[in-house]
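I have placed the structure first, in the form of structure tokens, so that the comments after it can refer back to it.
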Amino acid sequence: MYRRDFLSLGLHSPAANAIVEKIPEVFQSAQTRVFSGISPYTGQWTINEAVHLLKRTMFGAKKEDVDFLLTLTPDQAVDHLLSVPGTAPTEPVKNYTPNVPTTPVTDPDLALAPGASWVNCFTNNGGINSGRRNSYKAWWIGLLINQERNIQEKMVLFWHNHFATESADVAFGISCYKHNSTLRKYALGNFKDLVKAITLDPAMLRYLNGEQNRVGAPDENYARELQELFTVGKGPNSHYTEEDVKQAARVLTGYRIKYADYTTYFDKVRHDSGNKTFSAFYGNTTITGLKDAAGQQELDALLNMIFLNQEVALFIVRKLYRWFVYYIIDDATETNVIAPLAALFRSANYEIKPVVAALLKSEHFFDPLNQGCQIKSPLDTYIGLCREFSVKFPDPADYINSYYMWAYIGSSSQNAQQNLGDPPDVAGWKAYYQEPQYYGLWINSDTLPKRNLFTDTLINAGYSRNGKKIVIDAVAFAASMPNPGNPNDLINDSLRYLLRLPLSQSSKDQLKKDILLSGQVTDSYWTSAWINYVANPNDNMAYTTVLTRLKELYKYIMNLAEYQLS
């Protein structure tokens, strides 16, 4: 059965974790079909729908964000999330220490003050760039944790997975940062412009050997991925040929990297100025070869030819659908959702924002069968936990300790198979595209215990380093609920924010009795403890009483199979 069916079975205990490990096996039979389309959603607008929207467009659904969205209509809520400020984030800083004995005394980084931004300080030193890559990745995790209430970080990660590069192969910290800035700039902008910017991006030129592509010895690596992974894809009607790859590679000859400042330039001597003729898939188009600086115009001709093909819109819309809605695209979804959105994409001249807006505002997106049916990625799990529980990190001004903590979250995600900044290869993380398992690949006998260990650590002792600690404040989270003194309301409200599928009443009753009531049968056993704590917040015994029970409650919830869903 598929994920939608699997989670309708009502498996609400830690024992269900063993079943989650078998997710790849249960993806094999018939899918629950969804027939809704992209007509605007007109249904109810409650906590459930707001949480669904937030968990798909951001990392986690913080209560304050849910409360804010509920003051808007669904249409207004989507518009708000798609309103991304044009300001650039704070730049990554020097939190590393250069190895002075192995660093030339003339290296500019030696004069760079600790805590200063390194993005305009050019160095080719391998050790320093290793430190910068780690700084970059920790900085990026910090952006995810401290994201504003909009879709930008989810979109940047989407494009990072689409135009995948590995920081270890890119090698230079500044190139990694510039690549991220490009994804950020065009995250909701024009897709065609984004493809051109990525084609000329120094990080991509280095990663896919574009800088080695020259007349007489064309390198086909980027030309192949430009078509197979970045634009027309490998759909049933995508029939570009090997000759198309070779001809595209000839168009792209001549682009090189200036390592003095990590910029791209065009070397006319290395450019193939002959005509390039493509297959019937591209209308037998011939791109006229141009000489000297005019050779750069051939890139525009190549992209114009590619974007005339309808497969581009279909391919990208399918990827957006799998990212925001569900991994399986059946015939009904192809007809009712993918095709009309692709038509919108083409008519909007490949502007990304109108397509995302139409998808998120649709009845299909809010269809009950499309809620709670995605398995969280490691980043969704770990970043979402930190945000939903409002875990307090060191002030960013304390860059040493804030970067330590951000790096810990990043390494935890890496251990669970999602290393931000370093996808496994140019195709990105397999869970987003590898059928038949898709997102089921995130969960196995190795990664699930690691997820549980992470949540157990954060709810119990927390993670400490250098005298600083990050930990879930279970009491503060409970206090943010509308009526924490009532054990029934506390459990129900907590589950609304933390889970995407409802627990049975018998499961909730058992939770209440075993944990909040410590085996007692009357609700007042919890209510009295909570009232006593509120009246005496500095009384250590009163605080410990509620803290101990709340830790057990949230630990139990986060160990449920349902907690792995978005």
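Chain labels run A, B, ... following the order of the structure tokens; each chain numbers its residues from 1, and ligands are numbered from 1 in the order shown.
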At a cut-off of 9 Å, can you tabulate as CSV every residue of range 399-424 of chain A near range 373-394 of chain A together with its closest atom pair and the distance in Å to one decimal, using only C-alpha atoms and ordering rows by chain then number?
residue,atom,partner,partner_atom,distance
A:Tyr399,CA,A:Pro394,CA,8.1
A:Asn401,CA,A:Pro394,CA,6.2
A:Ser402,CA,A:Pro394,CA,5.0
A:Tyr403,CA,A:Pro394,CA,8.8
A:Met405,CA,A:Phe393,CA,7.2
A:Trp406,CA,A:Phe393,CA,8.4
A:Ile409,CA,A:Tyr382,CA,6.9
A:Gly410,CA,A:Leu379,CA,8.1
A:Ser412,CA,A:Tyr382,CA,7.9
A:Ser413,CA,A:Pro378,CA,5.2
A:Gln414,CA,A:Pro378,CA,8.0
A:Asn415,CA,A:Pro378,CA,8.9
A:Ala416,CA,A:Pro378,CA,6.1
A:Gln417,CA,A:Pro378,CA,7.3
A:Gln418,CA,A:Pro378,CA,6.1
A:Asn419,CA,A:Leu379,CA,8.7
A:Leu420,CA,A:Leu379,CA,8.2
Secondary structure check, alpha helix (DSSP H) residues of range 404-553 of chain A, as a PyMOL selection string
chain A and resi 404-415+447-459+474-479+487-498+505-511+524-535+540-553
Those residues you just picked out, can you put them in a file as a PDB file, in the first residue's frame with C-alpha atoms?
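Output file out-v7.pdb follows:
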ATOM      1  CA  TYR A 404      28.907  25.222  17.035  1.00  0.00           C
ATOM      2  CA  MET A 405      25.223  24.582  17.660  1.00  0.00           C
ATOM      3  CA  TRP A 406      24.164  25.064  14.055  1.00  0.00           C
ATOM      4  CA  ALA A 407      26.896  22.643  12.986  1.00  0.00           C
ATOM      5  CA  TYR A 408      25.555  20.092  15.479  1.00  0.00           C
ATOM      6  CA  ILE A 409      22.114  20.248  13.884  1.00  0.00           C
ATOM      7  CA  GLY A 410      23.729  19.957  10.451  1.00  0.00           C
ATOM      8  CA  SER A 411      25.832  16.949  11.406  1.00  0.00           C
ATOM      9  CA  SER A 412      22.779  15.271  12.964  1.00  0.00           C
ATOM     10  CA  SER A 413      20.943  15.682   9.682  1.00  0.00           C
ATOM     11  CA  GLN A 414      23.983  14.397   7.820  1.00  0.00           C
ATOM     12  CA  ASN A 415      24.000  11.271   9.985  1.00  0.00           C
ATOM     13  CA  THR A 447      18.235   6.376  10.370  1.00  0.00           C
ATOM     14  CA  LEU A 448      15.102   5.921  12.488  1.00  0.00           C
ATOM     15  CA  PRO A 449      17.017   5.189  15.728  1.00  0.00           C
ATOM     16  CA  LYS A 450      19.163   8.238  14.991  1.00  0.00           C
ATOM     17  CA  ARG A 451      16.051  10.391  14.640  1.00  0.00           C
ATOM     18  CA  ASN A 452      14.730   9.050  17.932  1.00  0.00           C
ATOM     19  CA  LEU A 453      18.100   9.586  19.614  1.00  0.00           C
ATOM     20  CA  PHE A 454      18.119  13.206  18.443  1.00  0.00           C
ATOM     21  CA  THR A 455      14.619  13.947  19.753  1.00  0.00           C
ATOM     22  CA  ASP A 456      15.368  12.088  23.012  1.00  0.00           C
ATOM     23  CA  THR A 457      18.528  14.131  23.476  1.00  0.00           C
ATOM     24  CA  LEU A 458      16.827  17.466  22.900  1.00  0.00           C
ATOM     25  CA  ILE A 459      13.878  16.729  25.214  1.00  0.00           C
ATOM     26  CA  ALA A 474       8.892  21.351  27.660  1.00  0.00           C
ATOM     27  CA  VAL A 475       7.260  23.565  30.297  1.00  0.00           C
ATOM     28  CA  ALA A 476       7.423  26.660  28.102  1.00  0.00           C
ATOM     29  CA  PHE A 477       5.967  24.746  25.162  1.00  0.00           C
ATOM     30  CA  ALA A 478       3.084  23.466  27.292  1.00  0.00           C
ATOM     31  CA  ALA A 479       2.505  26.960  28.662  1.00  0.00           C
ATOM     32  CA  PRO A 487      -4.736  17.425  30.600  1.00  0.00           C
ATOM     33  CA  ASN A 488      -7.185  16.610  27.814  1.00  0.00           C
ATOM     34  CA  ASP A 489      -6.805  20.026  26.183  1.00  0.00           C
ATOM     35  CA  LEU A 490      -3.043  19.983  26.632  1.00  0.00           C
ATOM     36  CA  ILE A 491      -2.691  16.658  24.833  1.00  0.00           C
ATOM     37  CA  ASN A 492      -5.126  17.578  22.077  1.00  0.00           C
ATOM     38  CA  ASP A 493      -3.551  20.981  21.459  1.00  0.00           C
ATOM     39  CA  SER A 494       0.007  19.648  21.528  1.00  0.00           C
ATOM     40  CA  LEU A 495      -0.868  16.954  19.016  1.00  0.00           C
ATOM     41  CA  ARG A 496      -2.449  19.514  16.667  1.00  0.00           C
ATOM     42  CA  TYR A 497       0.911  21.209  16.259  1.00  0.00           C
ATOM     43  CA  LEU A 498       3.267  18.233  16.484  1.00  0.00           C
ATOM     44  CA  GLN A 505      -9.135   8.667  21.769  1.00  0.00           C
ATOM     45  CA  SER A 506      -8.029   5.503  23.521  1.00  0.00           C
ATOM     46  CA  SER A 507      -4.383   6.350  22.733  1.00  0.00           C
ATOM     47  CA  LYS A 508      -4.808   9.855  24.101  1.00  0.00           C
ATOM     48  CA  ASP A 509      -6.540   8.553  27.211  1.00  0.00           C
ATOM     49  CA  GLN A 510      -3.656   6.190  27.809  1.00  0.00           C
ATOM     50  CA  LEU A 511      -1.142   8.994  27.332  1.00  0.00           C
ATOM     51  CA  SER A 524      -7.184  17.042  38.870  1.00  0.00           C
ATOM     52  CA  TYR A 525      -3.943  15.176  39.523  1.00  0.00           C
ATOM     53  CA  TRP A 526      -2.403  17.070  36.621  1.00  0.00           C
ATOM     54  CA  THR A 527      -4.454  20.243  36.990  1.00  0.00           C
ATOM     55  CA  SER A 528      -3.371  20.689  40.601  1.00  0.00           C
ATOM     56  CA  ALA A 529       0.268  20.144  39.706  1.00  0.00           C
ATOM     57  CA  TRP A 530       0.077  22.730  36.951  1.00  0.00           C
ATOM     58  CA  ILE A 531      -1.752  25.296  39.083  1.00  0.00           C
ATOM     59  CA  ASN A 532       0.806  24.817  41.848  1.00  0.00           C
ATOM     60  CA  TYR A 533       3.650  25.431  39.393  1.00  0.00           C
ATOM     61  CA  VAL A 534       2.027  28.561  37.928  1.00  0.00           C
ATOM     62  CA  ALA A 535       1.442  29.935  41.419  1.00  0.00           C
ATOM     63  CA  ASN A 540      11.917  23.768  42.280  1.00  0.00           C
ATOM     64  CA  MET A 541       9.729  20.861  43.397  1.00  0.00           C
ATOM     65  CA  ALA A 542       6.632  22.278  41.704  1.00  0.00           C
ATOM     66  CA  TYR A 543       8.598  22.919  38.525  1.00  0.00           C
ATOM     67  CA  THR A 544      10.245  19.491  38.509  1.00  0.00           C
ATOM     68  CA  THR A 545       6.891  17.773  38.960  1.00  0.00           C
ATOM     69  CA  VAL A 546       5.422  19.224  35.772  1.00  0.00           C
ATOM     70  CA  LEU A 547       8.719  19.170  33.880  1.00  0.00           C
ATOM     71  CA  THR A 548       9.243  15.442  34.420  1.00  0.00           C
ATOM     72  CA  ARG A 549       5.794  14.551  33.132  1.00  0.00           C
ATOM     73  CA  LEU A 550       5.961  16.928  30.178  1.00  0.00           C
ATOM     74  CA  LYS A 551       9.324  15.572  29.097  1.00  0.00           C
ATOM     75  CA  GLU A 552       7.882  12.075  29.063  1.00  0.00           C
ATOM     76  CA  LEU A 553       4.811  13.252  27.172  1.00  0.00           C
TER      77      LEU A 553
END
| message | Residues near range 72-74 of chain A, anyone? I mean within 12 Å using only C-alpha atoms, not counting same-chain ones fewer than 6 positions away, as number ranges by chain. | response | A: 40-54, 65-66, 80-81, 357-358, 360-363, 365-366
Within 10 Å of range 249-265 of chain A, which residues of range 197-238 of chain A come that close, and what is the closest atom pair and distance in Å for each? Count only C-alpha atoms and give it as JSON lines.
{"residue": "A:Thr199", "atom": "CA", "partner": "A:Leu252", "partner_atom": "CA", "distance": 8.9}
{"residue": "A:Leu200", "atom": "CA", "partner": "A:Thr264", "partner_atom": "CA", "distance": 6.5}
{"residue": "A:Asp201", "atom": "CA", "partner": "A:Thr264", "partner_atom": "CA", "distance": 6.9}
{"residue": "A:Pro202", "atom": "CA", "partner": "A:Thr264", "partner_atom": "CA", "distance": 5.9}
{"residue": "A:Ala203", "atom": "CA", "partner": "A:Tyr262", "partner_atom": "CA", "distance": 8.6}
{"residue": "A:Leu205", "atom": "CA", "partner": "A:Arg256", "partner_atom": "CA", "distance": 7.5}
{"residue": "A:Arg206", "atom": "CA", "partner": "A:Ile257", "partner_atom": "CA", "distance": 7.9}
{"residue": "A:Asn209", "atom": "CA", "partner": "A:Arg256", "partner_atom": "CA", "distance": 9.8}
{"residue": "A:Gly210", "atom": "CA", "partner": "A:Tyr255", "partner_atom": "CA", "distance": 6.9}
{"residue": "A:Glu211", "atom": "CA", "partner": "A:Arg256", "partner_atom": "CA", "distance": 4.5}
{"residue": "A:Gln212", "atom": "CA", "partner": "A:Arg256", "partner_atom": "CA", "distance": 7.5}
{"residue": "A:Asn213", "atom": "CA", "partner": "A:Thr253", "partner_atom": "CA", "distance": 5.0}
{"residue": "A:Arg214", "atom": "CA", "partner": "A:Thr253", "partner_atom": "CA", "distance": 4.6}
{"residue": "A:Val215", "atom": "CA", "partner": "A:Thr253", "partner_atom": "CA", "distance": 6.2}
{"residue": "A:Gly216", "atom": "CA", "partner": "A:Arg250", "partner_atom": "CA", "distance": 9.0}
{"residue": "A:Ala217", "atom": "CA", "partner": "A:Thr253", "partner_atom": "CA", "distance": 9.1}
{"residue": "A:Pro218", "atom": "CA", "partner": "A:Ala249", "partner_atom": "CA", "distance": 6.1}
{"residue": "A:Asp219", "atom": "CA", "partner": "A:Ala249", "partner_atom": "CA", "distance": 6.4}
{"residue": "A:Glu220", "atom": "CA", "partner": "A:Ala249", "partner_atom": "CA", "distance": 5.2}
{"residue": "A:Asn221", "atom": "CA", "partner": "A:Ala249", "partner_atom": "CA", "distance": 8.0}
{"residue": "A:Tyr222", "atom": "CA", "partner": "A:Ala249", "partner_atom": "CA", "distance": 7.4}
{"residue": "A:Ala223", "atom": "CA", "partner": "A:Ala249", "partner_atom": "CA", "distance": 5.0}
{"residue": "A:Arg224", "atom": "CA", "partner": "A:Ala249", "partner_atom": "CA", "distance": 8.0}
{"residue": "A:Leu226", "atom": "CA", "partner": "A:Ala249", "partner_atom": "CA", "distance": 9.9}
Could the residues in this selection be saved with N, CA and C atoms as a tab-separated table (two decimals), in the first residue's frame?
chain	number	residue	atom	x	y	z
A	199	THR	N	24.04	28.14	-15.21
A	199	THR	CA	24.95	27.71	-16.26
A	199	THR	C	26.27	28.46	-16.18
A	200	LEU	N	26.21	29.72	-15.80
A	200	LEU	CA	27.40	30.56	-15.72
A	200	LEU	C	27.98	30.65	-14.31
A	201	ASP	N	27.39	29.92	-13.39
A	201	ASP	CA	27.81	29.98	-11.99
A	201	ASP	C	29.15	29.28	-11.81
A	202	PRO	N	30.13	29.91	-11.18
A	202	PRO	CA	31.45	29.28	-11.01
A	202	PRO	C	31.39	27.94	-10.29
A	203	ALA	N	30.50	27.83	-9.29
A	203	ALA	CA	30.41	26.56	-8.57
A	203	ALA	C	29.95	25.44	-9.50
A	205	LEU	N	30.15	25.48	-12.84
A	205	LEU	CA	31.18	25.29	-13.87
A	205	LEU	C	32.27	24.36	-13.39
A	206	ARG	N	32.62	24.49	-12.12
A	206	ARG	CA	33.66	23.62	-11.57
A	206	ARG	C	33.10	22.23	-11.29
A	209	ASN	N	32.39	20.31	-14.62
A	209	ASN	CA	33.47	20.37	-15.61
A	209	ASN	C	33.23	21.36	-16.74
A	210	GLY	N	32.33	22.31	-16.53
A	210	GLY	CA	32.08	23.29	-17.58
A	210	GLY	C	33.30	24.10	-17.94
A	211	GLU	N	34.16	24.36	-16.97
A	211	GLU	CA	35.36	25.15	-17.24
A	211	GLU	C	36.36	24.39	-18.10
A	212	GLN	N	36.20	23.09	-18.22
A	212	GLN	CA	37.10	22.28	-19.04
A	212	GLN	C	36.57	22.09	-20.47
A	213	ASN	N	35.41	22.62	-20.74
A	213	ASN	CA	34.74	22.41	-22.01
A	213	ASN	C	35.30	23.39	-23.06
A	214	ARG	N	35.96	22.86	-24.08
A	214	ARG	CA	36.60	23.74	-25.07
A	214	ARG	C	36.51	23.13	-26.47
A	215	VAL	N	36.70	23.97	-27.46
A	215	VAL	CA	36.65	23.53	-28.84
A	215	VAL	C	37.69	22.44	-29.08
A	216	GLY	N	37.29	21.41	-29.78
A	216	GLY	CA	38.19	20.30	-30.06
A	216	GLY	C	38.19	19.23	-29.00
A	217	ALA	N	37.77	19.57	-27.79
A	217	ALA	CA	37.70	18.59	-26.69
A	217	ALA	C	36.51	18.92	-25.79
A	218	PRO	N	35.31	18.86	-26.36
A	218	PRO	CA	34.12	19.24	-25.58
A	218	PRO	C	33.87	18.29	-24.41
A	219	ASP	N	33.51	18.85	-23.28
A	219	ASP	CA	33.10	18.05	-22.12
A	219	ASP	C	31.58	18.09	-22.05
A	220	GLU	N	30.94	16.93	-22.11
A	220	GLU	CA	29.49	16.85	-22.22
A	220	GLU	C	28.76	16.82	-20.88
A	221	ASN	N	29.47	16.89	-19.80
A	221	ASN	CA	28.88	16.68	-18.48
A	221	ASN	C	27.73	17.66	-18.22
A	222	TYR	N	28.00	18.95	-18.27
A	222	TYR	CA	26.94	19.91	-17.97
A	222	TYR	C	25.85	19.90	-19.04
A	223	ALA	N	26.24	19.77	-20.30
A	223	ALA	CA	25.25	19.75	-21.38
A	223	ALA	C	24.25	18.62	-21.18
A	224	ARG	N	24.72	17.49	-20.66
A	224	ARG	CA	23.82	16.36	-20.41
A	224	ARG	C	22.88	16.67	-19.25
A	226	LEU	N	22.09	19.55	-18.00
A	226	LEU	CA	21.21	20.68	-18.34
A	226	LEU	C	19.89	20.17	-18.88
Discussion item. Residues near range 324-333 of chain A, anyone? I mean within 6 Å using only C-alpha atoms, not counting same-chain ones fewer than 4 positions away, as an NGL selection string.
Written reply: :A and (35 or 56 or 337)
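The coordinates place CA of Val356 in chain A at 7.7 Å from CA of Leu320 in chain A.
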Give me the residues near Pro92 in chain A as a PyMOL selection string, where near means some atom within 12 Å (using only C-alpha atoms) and where sequence neighbours in that chain fewer than 5 positions away do not count. chain A and resi 114-121+131-143+173-174+176-178+180-181+396-397+399-400+402-403
Store the residues picked out above, limited to N, CA and C atoms, as an mmCIF file, in the first residue's frame.
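File produced: part_23.cif:
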data_model
loop_
_atom_site.group_PDB
_atom_site.id
_atom_site.type_symbol
_atom_site.label_atom_id
_atom_site.label_comp_id
_atom_site.auth_asym_id
_atom_site.auth_seq_id
_atom_site.Cartn_x
_atom_site.Cartn_y
_atom_site.Cartn_z
ATOM 1 N N PRO A 114 38.678 37.538 13.223
ATOM 2 C CA PRO A 114 37.687 36.537 13.625
ATOM 3 C C PRO A 114 36.310 37.186 13.778
ATOM 4 N N GLY A 115 35.296 36.505 13.274
ATOM 5 C CA GLY A 115 33.937 37.030 13.348
ATOM 6 C C GLY A 115 33.562 37.926 12.195
ATOM 7 N N ALA A 116 34.535 38.231 11.306
ATOM 8 C CA ALA A 116 34.244 39.056 10.134
ATOM 9 C C ALA A 116 33.776 38.182 8.974
ATOM 10 N N SER A 117 33.001 38.764 8.071
ATOM 11 C CA SER A 117 32.562 38.036 6.882
ATOM 12 C C SER A 117 33.756 37.736 5.990
ATOM 13 N N TRP A 118 33.778 36.521 5.436
ATOM 14 C CA TRP A 118 34.870 36.121 4.551
ATOM 15 C C TRP A 118 34.476 36.103 3.075
ATOM 16 N N VAL A 119 33.251 36.507 2.750
ATOM 17 C CA VAL A 119 32.747 36.290 1.386
ATOM 18 C C VAL A 119 33.410 37.193 0.348
ATOM 19 N N ASN A 120 34.121 38.230 0.780
ATOM 20 C CA ASN A 120 34.840 39.081 -0.161
ATOM 21 C C ASN A 120 36.345 39.043 0.060
ATOM 22 N N CYS A 121 36.791 38.049 0.799
ATOM 23 C CA CYS A 121 38.217 37.884 1.068
ATOM 24 C C CYS A 121 38.688 36.634 0.323
ATOM 25 N N GLY A 131 37.755 25.232 6.143
ATOM 26 C CA GLY A 131 37.102 25.917 7.257
ATOM 27 C C GLY A 131 35.929 26.754 6.792
ATOM 28 N N ARG A 132 36.075 27.382 5.640
ATOM 29 C CA ARG A 132 34.986 28.214 5.119
ATOM 30 C C ARG A 132 33.787 27.363 4.687
ATOM 31 N N ARG A 133 34.044 26.220 4.122
ATOM 32 C CA ARG A 133 32.926 25.348 3.737
ATOM 33 C C ARG A 133 32.132 24.918 4.968
ATOM 34 N N ASN A 134 32.828 24.601 6.040
ATOM 35 C CA ASN A 134 32.130 24.250 7.282
ATOM 36 C C ASN A 134 31.378 25.454 7.845
ATOM 37 N N SER A 135 31.996 26.618 7.757
ATOM 38 C CA SER A 135 31.334 27.852 8.194
ATOM 39 C C SER A 135 30.069 28.095 7.373
ATOM 40 N N TYR A 136 30.189 27.923 6.067
ATOM 41 C CA TYR A 136 29.055 28.118 5.149
ATOM 42 C C TYR A 136 27.891 27.191 5.486
ATOM 43 N N LYS A 137 28.192 25.930 5.740
ATOM 44 C CA LYS A 137 27.135 24.962 6.006
ATOM 45 C C LYS A 137 26.459 25.230 7.350
ATOM 46 N N ALA A 138 27.256 25.602 8.362
ATOM 47 C CA ALA A 138 26.660 25.944 9.658
ATOM 48 C C ALA A 138 25.811 27.199 9.525
ATOM 49 N N TRP A 139 26.319 28.188 8.800
ATOM 50 C CA TRP A 139 25.571 29.433 8.559
ATOM 51 C C TRP A 139 24.233 29.140 7.898
ATOM 52 N N TRP A 140 24.222 28.250 6.936
ATOM 53 C CA TRP A 140 22.986 27.918 6.228
ATOM 54 C C TRP A 140 21.982 27.261 7.183
ATOM 55 N N ILE A 141 22.453 26.363 8.038
ATOM 56 C CA ILE A 141 21.563 25.777 9.041
ATOM 57 C C ILE A 141 20.980 26.880 9.919
ATOM 58 N N GLY A 142 21.798 27.862 10.283
ATOM 59 C CA GLY A 142 21.306 28.981 11.080
ATOM 60 C C GLY A 142 20.198 29.742 10.376
ATOM 61 N N LEU A 143 20.315 29.902 9.055
ATOM 62 C CA LEU A 143 19.255 30.574 8.300
ATOM 63 C C LEU A 143 17.958 29.773 8.355
ATOM 64 N N GLY A 173 35.052 28.198 -0.633
ATOM 65 C CA GLY A 173 33.943 28.675 0.189
ATOM 66 C C GLY A 173 33.175 29.801 -0.460
ATOM 67 N N ILE A 174 33.872 30.750 -1.079
ATOM 68 C CA ILE A 174 33.182 31.871 -1.711
ATOM 69 C C ILE A 174 32.300 31.396 -2.851
ATOM 70 N N CYS A 176 30.808 28.507 -3.042
ATOM 71 C CA CYS A 176 29.627 27.900 -2.409
ATOM 72 C C CYS A 176 28.634 28.977 -2.000
ATOM 73 N N TYR A 177 29.152 30.024 -1.388
ATOM 74 C CA TYR A 177 28.279 31.113 -0.934
ATOM 75 C C TYR A 177 27.606 31.809 -2.116
ATOM 76 N N LYS A 178 28.357 32.084 -3.183
ATOM 77 C CA LYS A 178 27.781 32.745 -4.356
ATOM 78 C C LYS A 178 26.707 31.879 -5.004
ATOM 79 N N ASN A 180 24.771 29.734 -3.470
ATOM 80 C CA ASN A 180 23.605 29.847 -2.605
ATOM 81 C C ASN A 180 22.885 31.170 -2.845
ATOM 82 N N SER A 181 23.652 32.234 -3.029
ATOM 83 C CA SER A 181 23.052 33.550 -3.271
ATOM 84 C C SER A 181 22.271 33.566 -4.577
ATOM 85 N N PRO A 396 23.356 35.020 17.702
ATOM 86 C CA PRO A 396 24.258 34.995 16.544
ATOM 87 C C PRO A 396 25.497 35.859 16.715
ATOM 88 N N ALA A 397 25.395 36.891 17.556
ATOM 89 C CA ALA A 397 26.580 37.714 17.816
ATOM 90 C C ALA A 397 27.678 36.890 18.486
ATOM 91 N N TYR A 399 29.269 34.281 17.729
ATOM 92 C CA TYR A 399 29.379 33.467 16.520
ATOM 93 C C TYR A 399 30.052 32.123 16.768
ATOM 94 N N ILE A 400 30.988 32.054 17.710
ATOM 95 C CA ILE A 400 31.653 30.777 17.983
ATOM 96 C C ILE A 400 30.629 29.741 18.430
ATOM 97 N N SER A 402 27.198 29.964 18.434
ATOM 98 C CA SER A 402 26.052 29.767 17.543
ATOM 99 C C SER A 402 26.427 28.854 16.385
ATOM 100 N N TYR A 403 27.621 29.021 15.822
ATOM 101 C CA TYR A 403 28.057 28.141 14.730
ATOM 102 C C TYR A 403 28.282 26.714 15.223
#
Check: If you run DSSP on the backbone, which residues of range 354-539 of chain A are strand (DSSP E), as a ChimeraX atom specification?
Finding: /A:463-465,468-470
From CA of Ala343 in chain A to CA of Gln227 in chain A the spacing works out at 19.8 Å
Practice item. Find the residues around Thr241 in chain A up to 10 Å (only C-alpha atoms counted), leave out those fewer than 4 positions away in its own chain, and share them as a PyMOL selection string. Key: chain A and resi 224+227+245-247+278-282
Item to complete: Using only C-alpha atoms, find the one residue out of A:Ile443, A:Ala301, A:Met481, A:Met58 that sits nearest to Ile145 in chain A.
Response: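 Closest residue, counting only C-alpha atoms: A:Met58.
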